[in-house]
Every structure is written in structure tokens, then in C-alpha cells.
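Colleague: Enclosed is the structure file work-v4.txt (compact mmCIF, C-alpha atoms).
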# COMPACT_ATOMS: atom_id res chain seq x y z
CA MET G 25 13.20 -266.79 131.09
CA LYS G 26 16.10 -266.12 128.70
CA HIS G 27 14.07 -263.34 127.09
CA ILE G 28 13.36 -261.73 130.48
CA THR G 29 17.03 -262.00 131.47
CA TRP G 30 18.08 -260.33 128.21
CA LEU G 31 15.62 -257.46 128.74
CA VAL G 32 16.85 -256.84 132.28
CA GLY G 33 20.44 -256.89 131.10
CA ALA G 34 19.68 -254.46 128.27
CA ALA G 35 17.90 -252.14 130.66
CA LEU G 36 20.89 -252.09 132.98
CA ILE G 37 23.22 -251.35 130.09
CA VAL G 38 21.04 -248.46 128.92
CA SER G 39 20.74 -247.15 132.48
CA GLY G 40 24.49 -247.31 132.97
CA ALA G 41 25.13 -245.61 129.65
CA GLY G 42 22.72 -242.84 130.63
CA ALA G 43 24.53 -242.28 133.91
CA ILE G 44 27.90 -242.13 132.15
CA ALA G 45 26.50 -239.74 129.55
CA GLY G 46 25.15 -237.53 132.33
CA LYS G 47 28.59 -237.30 133.91
CA VAL G 48 30.21 -236.50 130.57
CA ASP G 49 27.62 -233.82 129.82
CA SER G 50 28.17 -232.24 133.25
CA GLY G 51 31.93 -232.22 132.77
CA LYS G 52 31.59 -230.56 129.38
CA ALA G 53 29.13 -228.01 130.75
CA ILE G 54 31.43 -227.10 133.63
CA ALA G 55 34.43 -226.77 131.31
CA ALA G 56 32.44 -224.56 128.95
CA ALA G 57 31.26 -222.43 131.87
CA LEU G 58 34.81 -221.83 133.05
CA ALA G 59 35.92 -220.99 129.51
CA ASP G 60 33.07 -218.48 129.05
CA PRO G 61 34.76 -215.33 127.65
CA SER G 62 32.28 -213.07 129.43
CA ARG G 63 33.66 -214.02 132.86
CA PRO G 64 35.58 -211.14 134.50
CA ALA G 65 39.37 -211.44 134.37
CA GLU G 66 39.55 -211.15 138.15
CA ASP G 67 37.33 -214.24 138.41
CA THR G 68 39.35 -216.41 136.05
CA ALA G 69 42.52 -215.39 137.88
CA ARG G 70 41.10 -217.01 141.02
CA ASP G 71 40.21 -220.35 139.44
CA ALA G 72 43.50 -222.08 140.26
CA ALA G 73 43.07 -221.37 143.96
CA ARG G 74 39.31 -221.96 144.19
CA HIS G 75 38.99 -225.23 142.21
CA PRO G 76 35.53 -224.45 140.79
CA ALA G 77 35.41 -227.43 138.39
CA GLU G 78 35.98 -230.00 141.12
CA THR G 79 33.65 -228.14 143.47
CA ILE G 80 30.69 -227.97 141.09
CA ALA G 81 31.17 -231.60 140.05
CA PHE G 82 31.24 -232.63 143.73
CA ALA G 83 27.94 -230.78 144.25
CA ARG G 84 26.50 -232.92 141.43
CA ILE G 85 25.31 -229.86 139.50
CA LYS G 86 24.32 -230.61 135.92
CA PRO G 87 22.60 -228.96 132.95
CA GLY G 88 18.92 -228.29 133.60
CA ASP G 89 19.28 -228.05 137.40
CA ARG G 90 17.72 -225.38 139.59
CA VAL G 91 20.38 -224.07 141.97
CA VAL G 92 20.42 -221.58 144.85
CA ASP G 93 23.61 -219.58 145.38
CA PHE G 94 23.02 -218.61 149.00
CA ILE G 95 24.79 -215.34 149.84
CA MET G 96 26.22 -214.96 146.34
CA GLY G 97 28.66 -212.14 147.13
CA GLY G 98 30.23 -210.75 143.96
CA GLY G 99 28.86 -213.58 141.84
CA TYR G 100 32.01 -215.65 141.23
CA PHE G 101 30.15 -218.96 141.48
CA THR G 102 26.83 -217.52 140.30
CA ARG G 103 28.21 -216.86 136.81
CA ILE G 104 29.75 -220.32 136.54
CA LEU G 105 26.55 -221.96 137.76
CA ALA G 106 24.44 -220.08 135.21
CA LYS G 107 26.48 -221.43 132.31
CA THR G 108 26.71 -224.92 133.83
CA VAL G 109 22.95 -225.41 134.25
CA GLY G 110 22.34 -223.81 130.86
CA PRO G 111 19.16 -222.35 129.34
CA LYS G 112 16.95 -225.12 130.73
CA GLY G 113 18.25 -224.55 134.26
CA GLN G 114 17.84 -221.71 136.72
CA VAL G 115 20.12 -220.05 139.27
CA TYR G 116 18.69 -218.12 142.21
CA GLY G 117 21.26 -215.67 143.54
CA PHE G 118 20.34 -214.75 147.11
CA MET G 119 21.84 -211.73 148.84
CA PRO G 120 20.63 -210.76 152.34
CA ASP G 121 19.22 -207.31 152.93
CA GLU G 122 21.57 -206.94 155.91
CA PHE G 123 24.65 -207.46 153.73
CA ILE G 124 23.50 -204.95 151.13
CA LYS G 125 22.77 -202.39 153.83
CA PHE G 126 26.28 -202.88 155.20
CA LYS G 127 27.92 -202.86 151.76
CA PRO G 128 25.71 -201.41 148.96
CA SER G 129 28.05 -202.72 146.24
CA TYR G 130 26.71 -206.21 146.99
CA GLY G 131 23.34 -205.07 145.68
CA THR G 132 24.90 -203.43 142.64
CA ASP G 133 26.89 -206.57 141.84
CA GLN G 134 23.85 -208.79 142.29
CA LYS G 135 21.78 -206.74 139.85
CA ALA G 136 24.59 -206.64 137.29
CA VAL G 137 25.17 -210.40 137.38
CA ALA G 138 21.44 -211.16 137.14
CA ALA G 139 21.06 -208.76 134.21
CA ALA G 140 23.89 -210.44 132.32
CA TYR G 141 22.36 -213.94 132.39
CA ALA G 142 18.81 -214.81 131.38
CA ASN G 143 18.65 -217.77 133.76
CA ILE G 144 19.69 -215.95 136.95
CA VAL G 145 17.00 -214.69 139.33
CA ALA G 146 18.08 -212.21 142.02
CA ILE G 147 16.50 -212.74 145.45
CA ASN G 148 16.74 -210.45 148.46
CA GLY G 149 15.33 -210.65 151.95
CA PRO G 150 16.32 -211.10 155.60
CA LEU G 151 19.17 -213.55 156.21
CA GLY G 152 17.03 -215.55 158.61
CA ALA G 153 13.95 -215.57 156.37
CA PRO G 154 15.06 -215.90 152.71
CA ALA G 155 12.21 -216.25 150.20
CA LEU G 156 13.67 -219.23 148.34
CA PRO G 157 11.89 -221.27 145.65
CA ASP G 158 10.73 -224.83 146.30
CA LYS G 159 12.09 -228.15 144.99
CA VAL G 160 15.51 -226.91 143.89
CA ASP G 161 18.15 -229.49 143.05
CA VAL G 162 21.17 -227.94 144.75
CA ALA G 163 22.01 -225.10 147.11
CA ILE G 164 25.52 -223.84 147.75
CA THR G 165 26.92 -221.36 150.25
CA VAL G 166 30.54 -220.35 149.85
CA GLN G 167 32.66 -218.90 152.67
CA ASN G 168 29.55 -217.51 154.34
CA TYR G 169 28.22 -220.09 156.78
CA HIS G 170 30.24 -218.50 159.58
CA ASP G 171 28.61 -215.12 158.84
CA MET G 172 25.30 -216.41 160.17
CA HIS G 173 26.96 -216.57 163.59
CA LEU G 174 28.25 -213.01 163.66
CA GLY G 175 27.14 -211.00 166.67
CA LEU G 176 25.31 -208.61 164.32
CA PHE G 177 22.53 -211.17 163.86
CA PRO G 178 20.08 -212.86 166.25
CA ALA G 179 21.38 -216.10 167.77
CA ASP G 180 18.86 -218.22 165.84
CA THR G 181 19.79 -216.84 162.40
CA ALA G 182 21.69 -219.95 161.28
CA ALA G 183 18.92 -222.28 162.45
CA LYS G 184 16.29 -220.29 160.53
CA ALA G 185 18.41 -220.01 157.37
CA ASN G 186 19.22 -223.73 157.47
CA ALA G 187 15.52 -224.55 157.82
CA ALA G 188 14.76 -222.36 154.78
CA LEU G 189 17.42 -224.16 152.73
CA PHE G 190 16.08 -227.54 153.83
CA LYS G 191 12.56 -226.54 152.80
CA ALA G 192 13.76 -225.22 149.43
CA LEU G 193 15.57 -228.40 148.40
CA LYS G 194 13.78 -231.35 146.85
CA HIS G 195 14.11 -234.75 148.52
CA GLY G 196 17.52 -236.07 147.52
CA GLY G 197 18.74 -232.53 146.85
CA THR G 198 22.25 -231.41 147.73
CA LEU G 199 23.52 -228.63 149.99
CA LEU G 200 27.19 -227.69 149.56
CA VAL G 201 28.94 -225.71 152.29
CA ILE G 202 32.41 -224.20 151.88
CA ASP G 203 34.00 -222.28 154.74
CA HIS G 204 37.21 -221.29 156.48
CA VAL G 205 38.26 -223.70 159.22
CA ALA G 206 38.56 -222.64 162.86
CA ALA G 207 40.31 -224.62 165.56
CA THR G 208 38.46 -227.62 166.96
CA GLY G 209 36.34 -226.63 169.93
CA SER G 210 36.82 -222.90 169.31
CA GLY G 211 33.10 -222.16 169.73
CA LEU G 212 30.85 -219.49 168.29
CA GLU G 213 32.93 -216.46 169.20
CA THR G 214 35.47 -217.33 166.50
CA PRO G 215 33.25 -216.43 163.50
CA GLY G 216 33.14 -212.82 164.68
CA LYS G 217 36.83 -212.65 165.55
CA LEU G 218 38.48 -214.54 162.68
CA HIS G 219 35.67 -215.15 160.15
CA ARG G 220 36.19 -218.90 160.58
CA ILE G 221 34.08 -221.69 162.03
CA ASP G 222 34.76 -225.06 163.62
CA PRO G 223 33.57 -227.59 160.97
CA ALA G 224 31.98 -229.69 163.72
CA ILE G 225 29.50 -226.87 164.29
CA ILE G 226 28.44 -226.94 160.63
CA LYS G 227 27.84 -230.70 160.76
CA GLU G 228 25.98 -230.54 164.06
CA GLU G 229 23.68 -227.69 163.05
CA LEU G 230 22.79 -229.17 159.68
CA ALA G 231 22.17 -232.59 161.23
CA THR G 232 19.79 -230.91 163.66
CA THR G 233 18.00 -229.34 160.69
CA GLY G 234 17.54 -232.76 159.09
CA PHE G 235 20.39 -232.92 156.58
CA ARG G 236 22.52 -236.02 156.13
CA TYR G 237 26.27 -235.52 155.81
CA ASP G 238 27.43 -236.95 152.47
CA GLY G 239 31.18 -236.43 152.28
CA GLU G 240 34.01 -233.93 151.87
CA LEU G 241 36.08 -232.68 148.95
CA ALA G 242 39.58 -231.91 150.20
CA VAL G 243 40.94 -229.66 147.41
CA LEU G 244 40.91 -226.56 149.66
CA ARG G 245 42.48 -228.11 152.74
CA ASN G 246 45.77 -226.48 153.81
CA PRO G 247 47.66 -228.11 156.69
CA ALA G 248 50.03 -225.11 156.80
CA ASP G 249 47.19 -222.93 158.13
CA ASP G 250 47.23 -223.11 161.94
CA HIS G 251 43.74 -221.52 162.18
CA SER G 252 44.96 -218.72 164.43
CA LYS G 253 44.84 -215.83 161.95
CA GLY G 254 41.87 -213.94 160.59
CA VAL G 255 41.04 -214.81 156.99
CA PHE G 256 41.89 -211.26 155.86
CA ASP G 257 45.38 -211.40 157.36
CA PRO G 258 47.83 -210.93 154.43
CA ALA G 259 49.87 -213.87 155.72
CA ILE G 260 47.03 -216.33 155.01
CA ARG G 261 44.46 -214.55 152.84
CA GLY G 262 43.58 -216.65 149.81
CA HIS G 263 45.24 -219.72 151.29
CA THR G 264 43.14 -220.56 154.33
CA ASP G 265 42.31 -224.12 155.27
CA GLN G 266 38.76 -224.68 154.04
CA VAL G 267 36.25 -227.50 154.14
CA ILE G 268 33.91 -228.40 151.30
CA TYR G 269 31.07 -230.43 152.81
CA ARG G 270 28.21 -232.05 150.93
CA PHE G 271 24.87 -232.68 152.64
CA VAL G 272 21.70 -234.30 151.35
CA LYS G 273 18.04 -233.75 152.17
CA PRO G 274 16.67 -237.28 152.74
Using C-alpha cells, write down the structure that the file contains.
Modeller:
Amino acid sequence: MKHITWLVGAALIVSGAGAIAGKVDSGKAIAAALADPSRPAEDTARDAARHPAETIAFARIKPGDRVVDFIMGGGYFTRILAKTVGPKGQVYGFMPDEFIKFKPSYGTDQKAVAAAYANIVAINGPLGAPALPDKVDVAITVQNYHDMHLGLFPADTAAKANAALFKALKHGGTLLVIDHVAATGSGLETPGKLHRIDPAIIKEELATTGFRYDGELAVLRNPADDHSKGVFDPAIRGHTDQVIYRFVKP
């Protein structure tokens, strides 16, 4: 009995040490990614306001992970993710065809970022039918969830995109959503008017898809933002109240 007790105790110690080591390795990987000299100066200048280290840690992204950057934009997070997951990991940078048609530079940026990192795969396709890989560890979408509710797209676009993300993630995988906050109860007209969204809509839609809400990181909350201005208004641009929500695929 004493021998069995000792073995169980040793196993727990080893398991705990492994978990601690994993956290340390992730922290070092994130720090190294942010310090990467190949990052554009305009990206590093935004770090203080965007809190990428805390955000990536909150998403539980670690070396070796397979991560989807859903609607990658100019690649700010895509570059950091590529260095964080390292050579044994993979980043899939998705950019919708509709966005590239509206703003061709999105396509140019996507190709340039993918070409600069061996572990980034560029993916294109319709916003409501993205061809995402299976069994990825994490998916993130940054300041773009509200875009799926713009009047330019069919009303079921968000539901279809959410279903695709759910399918792509492995069981236990994480979805991270960052977006500009709209007033409570403001409805689905606000995304088109102010490029904001009521956070309750995000939670409700993802719960309907099958995701489980798993907490919030508050580093981007700004109580001084009254949610009445568009996010491109010079009075609030770069300082909007934003939520960072984590969801899990059961």
C-alpha cells in the first residue's frame, strides 16, 4: 500500500511539474514572438494598446498548436501566433473572398505574411463557408465578429461561420472572440452603423452553435467609452471598450 501511495504521489508531482513547465514554455514563446525583429514597426507600436501577450496566454496557445486566425486582416496577430506555436505548430490565416474583393490589399497582405513564415497557411473562401482544417487547437477572431452581421452578407452568415469554426476545433479546443462593445440591447443594426456588437449576442449565438462560455479577459475594457460612437471616430479610435471572450468546444 505504501508503495502504491508513493507511486501515485510521484505521478502527481511529475504531472504538476509538466503543467508548470508548459506554462513557462508558453510564456517564453509568447515573449520571443513579441520580440521578433521581423515584426513591422507599426505592429510593435500597437502592442501596448492591444495586450497581445495576455491575450494569447488567455487563449491557451502554446508551442506546437494548430491555430486558425479567422479574418486575419493585416496579420498583426498572425505573425505573433506563427512565432508562438513555432516550427512544430501551424497557423491558418483565413481571409474571406468578400473582404478581398472589397479591399484588395487584404489579399496582398495575406500572401506577404504567409510567404514570410513557413508555418502559416493562407486560406480563402466565402465568409459563410470557410474551408478550415479539422482538429485545430485554437481559433481566434479579432474585432471581426460584428462584421458577420453587416447588411452586405446574408442573415445566416454568422451562424454558418460559427458552425464551421465549431467543426474545425478539436474537442476541448478554444475559440477566442475579441470585439468592440455596443450598448446592451442595441440589436443587429448596430454592427453596420458603428462596427460594434452587443456582447450578449456573441454569447447567445455561440451557445446556440454548441460552444461553452469559458470566461473573459478584461484588459481591453474601457468604462470611458459610452458605446455611442463608431469605432473609426477619432475621439475613440484605438480606445474602444472591447470584450475578450473565451469559448470551448465540449
Colleague: Smallest atom-to-atom distance to Leu241 (chain G): which of G:Ile225, G:Val166, G:Ala81, G:Ala73, using only C-alpha atoms?
Modeller: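 Among G:Ile225, G:Val166, G:Ala81, G:Ala73, it is G:Ala81 that comes nearest to Leu241 (chain G).
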Colleague: Just give me the gap between CA of Ile104 (chain G) and CA of Val243 (chain G) in Å, one decimal is fine.
Modeller: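 Taking CA of Ile104 (chain G) and CA of Val243 (chain G), their separation equals 18.2 Å.
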Colleague: Show which residues sit within 9 Å of region 136-141 of chain G, as a list in words. Count only C-alpha atoms, and ignore same-chain residues fewer than 6 positions away.
Modeller: Gly98, Gly99, Thr102, Arg103, Ala106, Lys107 and Gly117 of chain G
Colleague: I'd like the neighbourhood of Asp121 (chain G) as a PyMOL selection string, where a residue qualifies if any of its atoms comes within 7 Å (using all atoms listed in the file), though same-chain residues fewer than 6 positions away should be ignored.
Modeller: chain G and resi 148-150
Colleague: Of the candidates G:Gly209, G:Arg74, G:Lys194, G:Phe118, which shows the shortest atom-to-atom distance to Ala242 (chain G), using all atoms listed in the file?
Modeller: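 Selected residue with least distance to Ala242 (chain G): G:Arg74.
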Colleague: I need the residue nearest Ala224 (chain G) from this list: G:Thr79, G:Thr208, G:Thr165, G:Thr108. Use only C-alpha atoms for the distance.
Modeller: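 Once distances to Ala224 (chain G) are computed over only C-alpha atoms, the minimum belongs to G:Thr208.
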Colleague: Between G:Leu212, G:Ala72, G:Leu218, G:Val115, which has the minimum distance to Ala179 (chain G) (counting only C-alpha atoms)?
Modeller: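 For Ala179 (chain G), the nearest of the given residues is G:Leu212.
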Colleague: Select, from G:Glu78, G:Asp89, G:Asp203, G:Glu229, the residue with the minimum atom-to-atom distance to Ala185 (chain G), counting only C-alpha atoms.
Modeller: G:Glu229
Colleague: I'd like the neighbourhood of Asp222 (chain G) as a PyMOL selection string, where a residue qualifies if any of its atoms comes within 10 Å (using all atoms listed in the file), though same-chain residues fewer than 2 positions away should be ignored.
Modeller: chain G and resi 170+203-212+214-215+220+224-227+251+267
Colleague: Kindly give the distance, in Å, that separates CA of Arg270 (chain G) and CA of His173 (chain G), rounded to a single decimal.
Modeller: 20.0 Å
Colleague: Rank nothing, just name the residue among G:Ala56, G:Ala83, G:Ala192, G:Val92 nearest to Asp238 (chain G), using all atoms listed in the file.
Modeller: G:Ala83
Colleague: For region 189-218 of chain G of the structure just presented, write C-alpha atoms to a file, as a compact mmCIF listing (two decimals), in the first residue's frame.
Modeller:
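Output file result13.txt follows:
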# COMPACT_ATOMS: atom_id res chain seq x y z
CA LEU G 189 -15.35 27.08 -36.53
CA PHE G 190 -17.04 24.57 -34.23
CA LYS G 191 -16.39 21.77 -36.73
CA ALA G 192 -12.75 22.81 -37.17
CA LEU G 193 -11.89 22.74 -33.47
CA LYS G 194 -10.98 19.56 -31.65
CA HIS G 195 -13.00 18.60 -28.58
CA GLY G 196 -11.70 20.78 -25.76
CA GLY G 197 -10.43 23.33 -28.27
CA THR G 198 -10.67 27.07 -27.65
CA LEU G 199 -12.37 29.85 -29.59
CA LEU G 200 -11.31 33.40 -28.68
CA VAL G 201 -13.50 36.32 -29.72
CA ILE G 202 -12.44 39.96 -29.40
CA ASP G 203 -14.78 42.74 -30.47
CA HIS G 204 -15.92 46.30 -29.90
CA VAL G 205 -18.77 46.61 -27.40
CA ALA G 206 -22.17 48.02 -28.36
CA ALA G 207 -24.83 49.13 -25.91
CA THR G 208 -26.83 46.41 -24.20
CA GLY G 209 -29.92 45.55 -26.21
CA SER G 210 -28.78 47.56 -29.24
CA GLY G 211 -29.62 44.73 -31.66
CA LEU G 212 -28.18 43.73 -35.01
CA GLU G 213 -28.41 47.10 -36.74
CA THR G 214 -25.51 48.42 -34.66
CA PRO G 215 -22.76 46.35 -36.36
CA GLY G 216 -23.49 48.12 -39.65
CA LYS G 217 -23.81 51.56 -38.10
CA LEU G 218 -20.99 51.62 -35.52
